[in-house]
Amino acid sequence: MSGRSDRIVPLAVKIVVSGGLGVGKTTFIGAISEIEPLDTEAAITQVSVGVDSLDGVESKTTTTVALDFGRITLDPTIALYLFGTPGQDRFSFLWDDLVEGALGTVVLADTRRIEECFPAVDYFEAQGAPFVLAVNHFDGAERFDLEEVREALGLGRDVPVLECDARVRASVRDVLGALMDRVIGVRAAPDRRAVMVR
């Protein structure tokens with residue numbers, strides 16, 4: 001008896017889900033997670049009035065105050081661990097810790113409040129981290145051409161911009177697949193080594 005197990009232990013890959021307040025990060029993770037997702041939702045109180053902008057999401061009653069967490073096993077060899085960031089600027093100090101060691105990021109956008117995703121886009125561009133922008137569908141929200149969204153946010157052609165319904169597992173899976181393609185493309189780029197050395 002060799003004493004070793006033949007069980008395959010999947011490679012753990014950390015993925016961040018980010019974006020502004022009320023953009024659907026908790027819903028996105030909950031739609032795909034194979035485990036009961038961990039969230040740190042708390043009631044929105046009077047303390048946040050005048051601090052957190054709820055324009056366009058006035059019906060929102062809870063918000064993430066630390067992180068969301070979920071897991072999805074892609075196949076027996078790889079498992080994605082999903083970490084959702086809080087959307088409010090006052091909790092942005094948590095981002096550095098949540099992003100450490102992440103392979104890539106999904107930035108969710110709400111076209112009703114497109115300005116809310118600028119901080120996330122700016123942050124991940126400054127980090128040089130591979131990310132995709134997923135435009136979340138909201139009932140009753142006006143739809144825009146994805147190239148218009150790209151232009152409004154000043155995103156380069158290398159950043160994938162796609163539509164998403166954070167409530168639908170298959171849609172979330174497609175976004176994660178696009179992110180993994182982006183990560184592989186960035187890591188395979190011939191000038192990646194030069195970028196890492198600087």
# chains A, B, ... in the order shown; residues from 1 in each chain; ligands from 1

call {"tool": "residues_around", "arguments": {"residues": "range 159-175 of chain A", "least_positions_apart": "5", "cutoff": "7 Å", "atoms": "only C-alpha atoms", "output": "PyMOL selection string"}}
result
chain A and resi 24+27-28+31-32+131-137+146+150

call {"tool": "closest_residue", "arguments": {"among": "A:Val9, A:Ile35, A:Ala120, A:Leu103", "to": "Leu21 in chain A", "atoms": "only C-alpha atoms"}}
result
A:Ala120

call {"tool": "atom_distance", "arguments": {"atom1": "CA of Glu36 in chain A", "atom2": "CA of Thr85 in chain A"}}
result
17.6 Å

call {"tool": "closest_residue", "arguments": {"among": "A:Gly154, A:Pro10, A:Pro130, A:Gly101", "to": "Pro76 in chain A", "atoms": "only C-alpha atoms"}}
result
A:Pro10

call {"tool": "atom_distance", "arguments": {"atom1": "CA of Leu82 in chain A", "atom2": "CA of Val106 in chain A"}}
result
9.8 Å

call {"tool": "atom_distance", "arguments": {"atom1": "CA of Arg113 in chain A", "atom2": "CA of Gly177 in chain A"}}
result
25.5 Å

call {"tool": "closest_residue", "arguments": {"among": "A:Glu147, A:Glu125, A:Asp96, A:Asp68", "to": "Gly84 in chain A", "atoms": "only C-alpha atoms"}}
result
A:Asp68

call {"tool": "closest_residue", "arguments": {"among": "A:Leu11, A:Ala126, A:Ala178, A:Val23", "to": "Leu74 in chain A", "atoms": "only C-alpha atoms"}}
result
A:Leu11

call {"tool": "closest_residue", "arguments": {"among": "A:Gly20, A:Val13, A:Ile29, A:Leu67", "to": "Pro119 in chain A", "atoms": "only C-alpha atoms"}}
result
A:Gly20

call {"tool": "closest_residue", "arguments": {"among": "A:Ile78, A:Leu155, A:Val121, A:Val16", "to": "Asp97 in chain A", "atoms": "only C-alpha atoms"}}
result
A:Val16

call {"tool": "residues_around", "arguments": {"residues": "Val183 in chain A", "least_positions_apart": "4", "cutoff": "7 Å", "atoms": "only C-alpha atoms", "output": "PyMOL selection string"}}
result
chain A and resi 104+130+179+187

call {"tool": "write_last_selection", "arguments": {"atoms": "N, CA, C and O atoms", "output": "PDB file, in the first residue's frame"}}
result
ATOM      1  N   GLY A 104      -7.340  37.107 -12.495  1.00  0.00           N
ATOM      2  CA  GLY A 104      -8.037  38.056 -13.354  1.00  0.00           C
ATOM      3  C   GLY A 104      -9.300  38.554 -12.683  1.00  0.00           C
ATOM      4  O   GLY A 104      -9.653  38.110 -11.584  1.00  0.00           O
ATOM      5  N   PRO A 130      -5.403  41.381 -15.962  1.00  0.00           N
ATOM      6  CA  PRO A 130      -6.341  41.068 -17.036  1.00  0.00           C
ATOM      7  C   PRO A 130      -7.779  41.147 -16.515  1.00  0.00           C
ATOM      8  O   PRO A 130      -8.077  40.620 -15.444  1.00  0.00           O
ATOM      9  N   LEU A 179     -13.204  35.537 -19.480  1.00  0.00           N
ATOM     10  CA  LEU A 179     -12.092  35.994 -18.635  1.00  0.00           C
ATOM     11  C   LEU A 179     -10.923  35.023 -18.703  1.00  0.00           C
ATOM     12  O   LEU A 179      -9.764  35.442 -18.833  1.00  0.00           O
ATOM     13  N   ARG A 187      -1.160  35.956 -20.684  1.00  0.00           N
ATOM     14  CA  ARG A 187       0.008  35.187 -20.226  1.00  0.00           C
ATOM     15  C   ARG A 187       0.817  34.614 -21.382  1.00  0.00           C
ATOM     16  O   ARG A 187       2.011  34.392 -21.248  1.00  0.00           O
TER      17      ARG A 187
END

call {"tool": "select_by_dssp", "arguments": {"residues": "range 113-146 of chain A", "states": "alpha helix (DSSP H)", "output": "MDAnalysis selection string"}}
result
chainID A and resid 118:127 146
